[in-house]
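Here the structure is laid out as structure tokens; the discussion comes afterwards.
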Amino acid sequence: MLAKHGAAARVLAGGTDLIIQAREGRRDVAVMVDVKGIAEATQLSLAGDGALRIGAATSCSAIYHNKDVAKAFPALIDSASLIGSVQIQARASIGGNLCNSGPAGDSIPTLIALGAACHIAGPAGERTVPVEEFCTGPSRNVLQNGEMLVSISFPAPAAHSGAAFERFIPRNEMDIAVVNACSNVTLSADGQTFTAARIAIGAVAPTPLYVPAAGAALVGQPVSDATIAKACEAAQAAATPITDMRGSVEQRHHLVGVLVRRTINKAVKRARG
Amino acid sequence: MSKRIVSATINGEVNEFLVEPYHTLLEALRNELGLTGSKEGCGNGNCGACNVVMNGQLVNSCCVLGVEANGATITTIEGVAEGEQLHPLQQQFLEDAALQCGICTPGFIVAAKQLLETEQDADEERMRHFLAGNLCRCTGYDKIIKAVINARDVMRSTAGAR
Ligand SMILES: Cc1cc2nc3c(=O)[nH]c(=O)nc-3n(C[C@H](O)[C@H](O)[C@H](O)COP(=O)(O)OP(=O)(O)OC[C@H]3O[C@@H](n4cnc5c(N)ncnc54)[C@H](O)[C@@H]3O)c2cc1C
Ligand code: FES
Ligand code: FES
């Protein structure tokens, strides 16, 4: 179906972006292909070794209602429970959030920080793309006509690791992030030194941004305010925000520092258990 | 494009109806089935006036296609009262004057019922958080929350009395 209709066909997951965009005339859609009947696209499977695979169309509420997933991947729950309202979360999927490819998509920094991979299927076969390479611009991604995202896989969290996602919005709920960020850190067994880290930020560039330099600023260093400040500076240096109705360049720069610091501190807490 | 046949259990009765593939569940309910209690406030997922419970989950019916309801079980505001007997939430909304223009009311009642049926001990903070997807331009929310708190207490005491 997708291959036959090319660019005029869109995958329908929860429809919380697509149905609205199509009805408001912002997207020209001749054919919608509902993928929620495909078992692979709605799976939620936690393997014995701790690795996780979620179907691209699995809803946010299905994810946060699963206690084992909530325990093992708290940062994913941070994101899933912040996307829209309860009503939106009942339908909205992580795959839809990723494929919508908004610079401020609230699941995407988390997927990147957790080292997730996209499993894509299409007429030419299957391929796997790291999440940080998936988005190519605002509302743009690597999917070719006829391709769909089938599932997203996450490696098992390392021992002594923790991750956290936060966003800044002017209201309490239901808004598009001015800035968002996720940090995933691994500590030494005594919890005093960073041994690995992945940090990603959103709404400060054309796509959500993986910032390897921010993680590198932590690795091998003691857990301290000074170390964490270095990572924040690296993230701020990587951000190329714009000024729009939600925030200014200066405010966004400041917020990157604040959110990276907060998410690292929260991730450290979670890593220490 | 031709209309599709959709079969769904709505407020306990099996209904078959025709919808255009691009019509929302809200349009199907209001225009095909005459269930006009669900309102269109925004049509884009922000206000909750169109709330229904579909397969056990609270959804915005303006963000669901009519065809996606095929095989589903749906409760709308019309299914909340039992005959002439108002639901405690409906009764409290009246007693506590929790509505002015009333556009948001069906959505608030459907949403609050879903909350109180799944979490009978929900406190005010939880209520405000859960109902963040329901907007009201008239009341300022305090009276709505008060009505939900009072309805919770009524529902708890009748559940306890059984
Ligand atoms: C009121 C409201 C509040 C919102 N709040 C937030 C928020 O706080 N944070 C946030 O990030 N987003 C928010 N959103 C946006 C939206 O809910 C999310 O982006 C959601 O995760 C999209 O998922 P979906 O399953 O509904 O996607 P859909 O609308 O079904 O699809 C989105 C896009 O991705 C494509 N697509 C979906 N699945 C696939 C697939 N498997 N393969 C290929 N392409 C696919 C679709 O064709 C479409 O272009 C909000 C939306 C509304 C209406
Ligand atoms: S009309 Fe559906 S959420 Fe406003
Ligand atoms: S009573 Fe008018 S919108 Fe709530």
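Here's how to read the names in the structure tokens: chain A, B, ... by the order shown, residue numbers from 1 in each chain, ligand numbers from 1 in the order shown.
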Got a sec: who's within 12 Å of Arg126 of chain B, counting only C-alpha atoms, leaving out chain neighbours fewer than 5 positions off, as a PDB file with N, CA, C and O atoms, in the first residue's frame?
```pdb
ATOM      1  N   VAL A  86      -3.717  12.917  29.138  1.00  0.00           N
ATOM      2  CA  VAL A  86      -4.080  11.497  29.252  1.00  0.00           C
ATOM      3  C   VAL A  86      -4.747  11.011  27.958  1.00  0.00           C
ATOM      4  O   VAL A  86      -4.474   9.913  27.481  1.00  0.00           O
TER       5      VAL A  86
ATOM      6  N   ALA B 112     -13.763  12.736  34.012  1.00  0.00           N
ATOM      7  CA  ALA B 112     -13.719  12.570  35.469  1.00  0.00           C
ATOM      8  C   ALA B 112     -14.263  11.199  35.866  1.00  0.00           C
ATOM      9  O   ALA B 112     -13.768  10.570  36.808  1.00  0.00           O
ATOM     10  N   LEU B 115     -11.554   8.733  35.462  1.00  0.00           N
ATOM     11  CA  LEU B 115     -10.593   8.831  36.566  1.00  0.00           C
ATOM     12  C   LEU B 115     -11.149   8.161  37.820  1.00  0.00           C
ATOM     13  O   LEU B 115     -10.477   7.326  38.433  1.00  0.00           O
ATOM     14  N   LEU B 116     -12.372   8.512  38.195  1.00  0.00           N
ATOM     15  CA  LEU B 116     -12.908   8.020  39.468  1.00  0.00           C
ATOM     16  C   LEU B 116     -13.202   6.526  39.420  1.00  0.00           C
ATOM     17  O   LEU B 116     -13.205   5.853  40.441  1.00  0.00           O
ATOM     18  N   GLU B 119      -9.431   5.188  39.652  1.00  0.00           N
ATOM     19  CA  GLU B 119      -8.703   5.574  40.869  1.00  0.00           C
ATOM     20  C   GLU B 119      -9.688   6.224  41.824  1.00  0.00           C
ATOM     21  O   GLU B 119      -9.820   7.447  41.841  1.00  0.00           O
ATOM     22  N   GLN B 120     -10.348   5.410  42.638  1.00  0.00           N
ATOM     23  CA  GLN B 120     -11.422   5.985  43.441  1.00  0.00           C
ATOM     24  C   GLN B 120     -10.913   6.890  44.564  1.00  0.00           C
ATOM     25  O   GLN B 120     -11.683   7.628  45.154  1.00  0.00           O
ATOM     26  N   ASP B 121      -9.587   6.848  44.835  1.00  0.00           N
ATOM     27  CA  ASP B 121      -9.040   7.708  45.882  1.00  0.00           C
ATOM     28  C   ASP B 121      -8.286   8.910  45.330  1.00  0.00           C
ATOM     29  O   ASP B 121      -7.542   9.567  46.058  1.00  0.00           O
ATOM     30  N   LEU B 131      -7.130  15.949  34.526  1.00  0.00           N
ATOM     31  CA  LEU B 131      -8.071  16.751  33.734  1.00  0.00           C
ATOM     32  C   LEU B 131      -7.379  17.897  32.981  1.00  0.00           C
ATOM     33  O   LEU B 131      -8.050  18.775  32.440  1.00  0.00           O
ATOM     34  N   ALA B 132      -6.040  17.859  32.908  1.00  0.00           N
ATOM     35  CA  ALA B 132      -5.315  18.942  32.227  1.00  0.00           C
ATOM     36  C   ALA B 132      -5.627  18.985  30.735  1.00  0.00           C
ATOM     37  O   ALA B 132      -5.415  20.004  30.087  1.00  0.00           O
ATOM     38  N   ILE B 145     -13.516  21.251  39.841  1.00  0.00           N
ATOM     39  CA  ILE B 145     -12.740  20.362  40.714  1.00  0.00           C
ATOM     40  C   ILE B 145     -13.531  20.071  41.989  1.00  0.00           C
ATOM     41  O   ILE B 145     -13.559  18.931  42.472  1.00  0.00           O
ATOM     42  N   VAL B 148     -16.026  17.443  41.253  1.00  0.00           N
ATOM     43  CA  VAL B 148     -15.423  16.118  41.096  1.00  0.00           C
ATOM     44  C   VAL B 148     -15.059  15.547  42.473  1.00  0.00           C
ATOM     45  O   VAL B 148     -15.279  14.359  42.748  1.00  0.00           O
ATOM     46  N   ILE B 149     -14.542  16.404  43.354  1.00  0.00           N
ATOM     47  CA  ILE B 149     -14.214  15.949  44.713  1.00  0.00           C
ATOM     48  C   ILE B 149     -15.488  15.458  45.418  1.00  0.00           C
ATOM     49  O   ILE B 149     -15.507  14.370  46.006  1.00  0.00           O
TER      50      ILE B 149
END
```
Kindly work out which residues sit at most 6 Å from ligand 1, using only C-alpha atoms and all ligand atoms, and give the list as an mmCIF file with N, CA, C and O atoms, in the first residue's frame.
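What landed in result13.cif:
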```
data_model
loop_
_atom_site.group_PDB
_atom_site.id
_atom_site.type_symbol
_atom_site.label_atom_id
_atom_site.label_comp_id
_atom_site.auth_asym_id
_atom_site.auth_seq_id
_atom_site.Cartn_x
_atom_site.Cartn_y
_atom_site.Cartn_z
ATOM 1 N N ARG A 10 0.384 7.916 3.951
ATOM 2 C CA ARG A 10 1.036 8.110 5.241
ATOM 3 C C ARG A 10 0.624 6.983 6.172
ATOM 4 O O ARG A 10 -0.519 6.533 6.153
ATOM 5 N N VAL A 11 1.573 6.584 7.018
ATOM 6 C CA VAL A 11 1.258 5.614 8.062
ATOM 7 C C VAL A 11 0.427 6.314 9.131
ATOM 8 O O VAL A 11 0.733 7.440 9.531
ATOM 9 N N LEU A 12 -0.631 5.645 9.584
ATOM 10 C CA LEU A 12 -1.444 6.156 10.693
ATOM 11 C C LEU A 12 -1.133 5.328 11.931
ATOM 12 O O LEU A 12 -1.338 4.120 11.954
ATOM 13 N N ALA A 13 -0.607 6.006 12.952
ATOM 14 C CA ALA A 13 -0.395 5.311 14.239
ATOM 15 C C ALA A 13 -1.495 5.811 15.165
ATOM 16 O O ALA A 13 -2.656 5.468 14.988
ATOM 17 N N GLY A 14 -1.164 6.698 16.115
ATOM 18 C CA GLY A 14 -2.205 7.225 17.008
ATOM 19 C C GLY A 14 -3.021 8.344 16.378
ATOM 20 O O GLY A 14 -4.092 8.691 16.846
ATOM 21 N N GLY A 15 -2.480 8.937 15.314
ATOM 22 C CA GLY A 15 -3.217 9.973 14.597
ATOM 23 C C GLY A 15 -3.247 11.332 15.274
ATOM 24 O O GLY A 15 -3.890 12.249 14.783
ATOM 25 N N THR A 16 -2.535 11.481 16.396
ATOM 26 C CA THR A 16 -2.641 12.748 17.133
ATOM 27 C C THR A 16 -1.890 13.875 16.428
ATOM 28 O O THR A 16 -2.135 15.041 16.695
ATOM 29 N N ASP A 17 -0.965 13.528 15.549
ATOM 30 C CA ASP A 17 -0.390 14.535 14.652
ATOM 31 C C ASP A 17 -1.075 14.457 13.293
ATOM 32 O O ASP A 17 -1.519 15.449 12.742
ATOM 33 N N LEU A 18 -1.137 13.231 12.765
ATOM 34 C CA LEU A 18 -1.522 13.054 11.358
ATOM 35 C C LEU A 18 -2.956 13.474 11.073
ATOM 36 O O LEU A 18 -3.220 14.186 10.099
ATOM 37 N N ALA A 56 6.426 0.526 16.836
ATOM 38 C CA ALA A 56 6.406 1.950 16.506
ATOM 39 C C ALA A 56 5.060 2.574 16.855
ATOM 40 O O ALA A 56 4.980 3.761 17.139
ATOM 41 N N ALA A 57 3.984 1.768 16.852
ATOM 42 C CA ALA A 57 2.650 2.322 17.099
ATOM 43 C C ALA A 57 2.155 2.066 18.529
ATOM 44 O O ALA A 57 1.010 2.373 18.852
ATOM 45 N N LEU A 82 4.698 12.804 29.531
ATOM 46 C CA LEU A 82 4.648 14.265 29.315
ATOM 47 C C LEU A 82 4.032 14.638 27.974
ATOM 48 O O LEU A 82 3.708 15.798 27.738
ATOM 49 N N ILE A 83 3.915 13.667 27.072
ATOM 50 C CA ILE A 83 3.392 13.985 25.734
ATOM 51 C C ILE A 83 1.891 14.219 25.837
ATOM 52 O O ILE A 83 1.117 13.304 26.104
ATOM 53 N N GLY A 84 1.474 15.471 25.677
ATOM 54 C CA GLY A 84 0.050 15.799 25.678
ATOM 55 C C GLY A 84 -0.625 15.462 26.994
ATOM 56 O O GLY A 84 -0.021 15.486 28.054
ATOM 57 N N ILE A 88 -4.395 12.174 24.939
ATOM 58 C CA ILE A 88 -3.415 12.074 23.852
ATOM 59 C C ILE A 88 -2.550 10.836 24.069
ATOM 60 O O ILE A 88 -2.278 10.065 23.151
ATOM 61 N N ARG A 91 -3.426 7.375 22.807
ATOM 62 C CA ARG A 91 -3.341 7.114 21.372
ATOM 63 C C ARG A 91 -1.929 7.337 20.832
ATOM 64 O O ARG A 91 -1.465 6.580 19.983
ATOM 65 N N ALA A 92 -1.293 8.408 21.293
ATOM 66 C CA ALA A 92 -0.016 8.823 20.703
ATOM 67 C C ALA A 92 1.055 7.762 20.911
ATOM 68 O O ALA A 92 1.195 7.211 21.994
ATOM 69 N N SER A 93 1.831 7.509 19.854
ATOM 70 C CA SER A 93 2.901 6.524 19.950
ATOM 71 C C SER A 93 4.256 7.209 19.937
ATOM 72 O O SER A 93 4.393 8.352 19.491
ATOM 73 N N ILE A 94 5.263 6.480 20.413
ATOM 74 C CA ILE A 94 6.637 6.967 20.349
ATOM 75 C C ILE A 94 7.091 6.968 18.881
ATOM 76 O O ILE A 94 7.750 7.897 18.417
ATOM 77 N N GLY A 95 6.693 5.936 18.144
ATOM 78 C CA GLY A 95 7.056 5.881 16.718
ATOM 79 C C GLY A 95 6.495 7.076 15.967
ATOM 80 O O GLY A 95 7.166 7.653 15.109
ATOM 81 N N GLY A 96 5.266 7.455 16.284
ATOM 82 C CA GLY A 96 4.645 8.620 15.633
ATOM 83 C C GLY A 96 5.367 9.898 15.993
ATOM 84 O O GLY A 96 5.560 10.790 15.175
ATOM 85 N N ASN A 97 5.784 9.993 17.246
ATOM 86 C CA ASN A 97 6.529 11.171 17.706
ATOM 87 C C ASN A 97 7.848 11.284 16.935
ATOM 88 O O ASN A 97 8.217 12.361 16.461
ATOM 89 N N CYS A 99 8.556 9.763 13.958
ATOM 90 C CA CYS A 99 8.341 9.945 12.512
ATOM 91 C C CYS A 99 7.804 11.333 12.188
ATOM 92 O O CYS A 99 7.991 11.822 11.085
ATOM 93 N N ASN A 100 7.117 11.954 13.133
ATOM 94 C CA ASN A 100 6.677 13.331 12.920
ATOM 95 C C ASN A 100 7.905 14.260 12.862
ATOM 96 O O ASN A 100 7.880 15.314 12.248
ATOM 97 N N GLY A 105 10.101 17.227 19.584
ATOM 98 C CA GLY A 105 9.445 15.960 19.942
ATOM 99 C C GLY A 105 9.983 15.460 21.278
ATOM 100 O O GLY A 105 11.190 15.328 21.459
ATOM 101 N N ASP A 106 9.074 15.190 22.218
ATOM 102 C CA ASP A 106 9.519 14.923 23.591
ATOM 103 C C ASP A 106 10.052 13.510 23.824
ATOM 104 O O ASP A 106 10.571 13.231 24.898
ATOM 105 N N MET A 148 8.286 2.036 6.268
ATOM 106 C CA MET A 148 7.687 2.376 7.560
ATOM 107 C C MET A 148 8.635 1.993 8.690
ATOM 108 O O MET A 148 9.491 1.120 8.547
ATOM 109 N N LEU A 149 8.456 2.701 9.796
ATOM 110 C CA LEU A 149 9.174 2.345 11.014
ATOM 111 C C LEU A 149 8.364 1.227 11.664
ATOM 112 O O LEU A 149 7.163 1.388 11.900
ATOM 113 N N VAL A 150 9.004 0.088 11.932
ATOM 114 C CA VAL A 150 8.266 -1.041 12.502
ATOM 115 C C VAL A 150 8.399 -1.047 14.023
ATOM 116 O O VAL A 150 7.415 -1.165 14.744
ATOM 117 N N MET A 174 0.796 20.134 28.816
ATOM 118 C CA MET A 174 0.266 20.349 27.483
ATOM 119 C C MET A 174 0.843 21.543 26.756
ATOM 120 O O MET A 174 0.168 22.531 26.546
ATOM 121 N N ASP A 175 2.088 21.483 26.384
ATOM 122 C CA ASP A 175 2.648 22.549 25.579
ATOM 123 C C ASP A 175 3.846 21.985 24.826
ATOM 124 O O ASP A 175 4.346 20.919 25.163
ATOM 125 N N ILE A 176 4.288 22.736 23.826
ATOM 126 C CA ILE A 176 5.460 22.296 23.075
ATOM 127 C C ILE A 176 6.702 22.789 23.817
ATOM 128 O O ILE A 176 6.748 23.934 24.264
ATOM 129 N N ASN B 44 -8.805 19.797 17.501
ATOM 130 C CA ASN B 44 -7.398 19.419 17.319
ATOM 131 C C ASN B 44 -6.729 18.839 18.561
ATOM 132 O O ASN B 44 -5.519 18.905 18.715
ATOM 133 N N GLY B 45 -7.515 18.244 19.419
ATOM 134 C CA GLY B 45 -6.913 17.468 20.498
ATOM 135 C C GLY B 45 -6.569 18.237 21.755
ATOM 136 O O GLY B 45 -5.998 17.674 22.686
ATOM 137 N N ASN B 46 -6.894 19.512 21.792
ATOM 138 C CA ASN B 46 -6.460 20.315 22.929
ATOM 139 C C ASN B 46 -7.474 20.479 24.049
ATOM 140 O O ASN B 46 -7.087 20.736 25.184
#
```
Report as a PyMOL selection string which protein, DNA and RNA residues come within 6 Å of ligand 2, using only C-alpha atoms and all ligand atoms.
chain B and resi 40-50+60-62
Write out as an MDAnalysis selection string the residues lying within 12 Å of Gly140 of chain B, counting only C-alpha atoms and excluding same-chain residues fewer than 2 positions away.
chainID B and resid 97:100 104 134:138 142:146
Cut-off 7 Å: closest chain B/chain A atom pairs per residue, using only C-alpha atoms, as CSV:
```
residue,atom,partner,partner_atom,distance
B:Asn44,CA,A:Ile20,CA,5.7
B:Gln57,CA,A:Ala90,CA,6.4
B:Leu58,CA,A:Gln87,CA,5.4
B:Val59,CA,A:Gln87,CA,4.5
B:Asn60,CA,A:Gln87,CA,5.9
B:Cys63,CA,A:Thr16,CA,5.8
B:Val64,CA,A:Gly15,CA,6.8
B:Phe130,CA,A:Val86,CA,6.4
B:Ala132,CA,A:Ser85,CA,6.4
B:Gly133,CA,A:Ser85,CA,4.9
```
Atoms to include: all heavy atoms. Write the selected residues as a PDB file, in the first residue's frame.
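Result file follows (result-v4.pdb):
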```pdb
ATOM      1  N   ASN B  44      -8.805  19.797  17.501  1.00  0.00           N
ATOM      2  CA  ASN B  44      -7.398  19.419  17.319  1.00  0.00           C
ATOM      3  C   ASN B  44      -6.729  18.839  18.561  1.00  0.00           C
ATOM      4  O   ASN B  44      -5.519  18.905  18.715  1.00  0.00           O
ATOM      5  CB  ASN B  44      -6.594  20.597  16.766  1.00  0.00           C
ATOM      6  CG  ASN B  44      -6.653  21.810  17.677  1.00  0.00           C
ATOM      7  OD1 ASN B  44      -6.879  21.664  18.878  1.00  0.00           O
ATOM      8  ND2 ASN B  44      -6.457  22.985  17.132  1.00  0.00           N
ATOM      9  N   GLN B  57     -10.299   3.218  27.231  1.00  0.00           N
ATOM     10  CA  GLN B  57      -9.377   4.352  27.347  1.00  0.00           C
ATOM     11  C   GLN B  57     -10.053   5.662  26.975  1.00  0.00           C
ATOM     12  O   GLN B  57     -10.832   5.725  26.016  1.00  0.00           O
ATOM     13  CB  GLN B  57      -8.174   4.138  26.431  1.00  0.00           C
ATOM     14  CG  GLN B  57      -7.214   3.104  27.004  1.00  0.00           C
ATOM     15  CD  GLN B  57      -5.844   3.270  26.401  1.00  0.00           C
ATOM     16  OE1 GLN B  57      -5.673   3.127  25.203  1.00  0.00           O
ATOM     17  NE2 GLN B  57      -4.851   3.569  27.233  1.00  0.00           N
ATOM     18  N   LEU B  58      -9.713   6.693  27.748  1.00  0.00           N
ATOM     19  CA  LEU B  58     -10.242   8.026  27.471  1.00  0.00           C
ATOM     20  C   LEU B  58      -9.530   8.587  26.239  1.00  0.00           C
ATOM     21  O   LEU B  58      -8.305   8.644  26.212  1.00  0.00           O
ATOM     22  CB  LEU B  58      -9.976   8.924  28.684  1.00  0.00           C
ATOM     23  CG  LEU B  58     -10.508  10.344  28.609  1.00  0.00           C
ATOM     24  CD1 LEU B  58     -12.030  10.344  28.634  1.00  0.00           C
ATOM     25  CD2 LEU B  58      -9.947  11.176  29.750  1.00  0.00           C
ATOM     26  N   VAL B  59     -10.306   8.973  25.223  1.00  0.00           N
ATOM     27  CA  VAL B  59      -9.699   9.530  24.007  1.00  0.00           C
ATOM     28  C   VAL B  59     -10.441  10.788  23.572  1.00  0.00           C
ATOM     29  O   VAL B  59     -11.594  11.011  23.954  1.00  0.00           O
ATOM     30  CB  VAL B  59      -9.687   8.516  22.828  1.00  0.00           C
ATOM     31  CG1 VAL B  59      -8.890   7.266  23.178  1.00  0.00           C
ATOM     32  CG2 VAL B  59     -11.104   8.144  22.393  1.00  0.00           C
ATOM     33  N   ASN B  60      -9.755  11.589  22.757  1.00  0.00           N
ATOM     34  CA  ASN B  60     -10.396  12.727  22.095  1.00  0.00           C
ATOM     35  C   ASN B  60     -11.002  12.187  20.801  1.00  0.00           C
ATOM     36  O   ASN B  60     -10.258  11.781  19.902  1.00  0.00           O
ATOM     37  CB  ASN B  60      -9.357  13.798  21.762  1.00  0.00           C
ATOM     38  CG  ASN B  60      -8.740  14.420  22.991  1.00  0.00           C
ATOM     39  OD1 ASN B  60      -9.420  14.678  23.976  1.00  0.00           O
ATOM     40  ND2 ASN B  60      -7.437  14.658  22.943  1.00  0.00           N
ATOM     41  N   CYS B  63      -9.730  13.189  17.399  1.00  0.00           N
ATOM     42  CA  CYS B  63      -8.422  12.720  16.916  1.00  0.00           C
ATOM     43  C   CYS B  63      -8.464  11.234  16.560  1.00  0.00           C
ATOM     44  O   CYS B  63      -7.424  10.587  16.471  1.00  0.00           O
ATOM     45  CB  CYS B  63      -7.333  12.910  17.970  1.00  0.00           C
ATOM     46  SG  CYS B  63      -7.071  14.575  18.518  1.00  0.00           S
ATOM     47  N   VAL B  64      -9.682  10.690  16.420  1.00  0.00           N
ATOM     48  CA  VAL B  64      -9.838   9.283  16.054  1.00  0.00           C
ATOM     49  C   VAL B  64     -10.671   9.275  14.784  1.00  0.00           C
ATOM     50  O   VAL B  64     -11.650  10.025  14.681  1.00  0.00           O
ATOM     51  CB  VAL B  64     -10.586   8.508  17.168  1.00  0.00           C
ATOM     52  CG1 VAL B  64     -10.825   7.060  16.763  1.00  0.00           C
ATOM     53  CG2 VAL B  64      -9.814   8.575  18.481  1.00  0.00           C
ATOM     54  N   PHE B 130      -4.953  14.928  35.874  1.00  0.00           N
ATOM     55  CA  PHE B 130      -5.662  14.060  34.934  1.00  0.00           C
ATOM     56  C   PHE B 130      -6.542  14.883  34.000  1.00  0.00           C
ATOM     57  O   PHE B 130      -6.695  14.551  32.826  1.00  0.00           O
ATOM     58  CB  PHE B 130      -6.527  13.053  35.717  1.00  0.00           C
ATOM     59  CG  PHE B 130      -7.112  11.945  34.879  1.00  0.00           C
ATOM     60  CD1 PHE B 130      -6.450  10.732  34.725  1.00  0.00           C
ATOM     61  CD2 PHE B 130      -8.338  12.119  34.240  1.00  0.00           C
ATOM     62  CE1 PHE B 130      -6.991   9.714  33.956  1.00  0.00           C
ATOM     63  CE2 PHE B 130      -8.885  11.104  33.462  1.00  0.00           C
ATOM     64  CZ  PHE B 130      -8.214   9.900  33.322  1.00  0.00           C
ATOM     65  N   ALA B 132      -6.040  17.859  32.908  1.00  0.00           N
ATOM     66  CA  ALA B 132      -5.315  18.942  32.227  1.00  0.00           C
ATOM     67  C   ALA B 132      -5.627  18.985  30.735  1.00  0.00           C
ATOM     68  O   ALA B 132      -5.415  20.004  30.087  1.00  0.00           O
ATOM     69  CB  ALA B 132      -3.811  18.792  32.440  1.00  0.00           C
ATOM     70  N   GLY B 133      -6.132  17.900  30.184  1.00  0.00           N
ATOM     71  CA  GLY B 133      -6.495  17.884  28.767  1.00  0.00           C
ATOM     72  C   GLY B 133      -7.913  18.346  28.511  1.00  0.00           C
ATOM     73  O   GLY B 133      -8.419  18.219  27.403  1.00  0.00           O
TER      74      GLY B 133
END
```
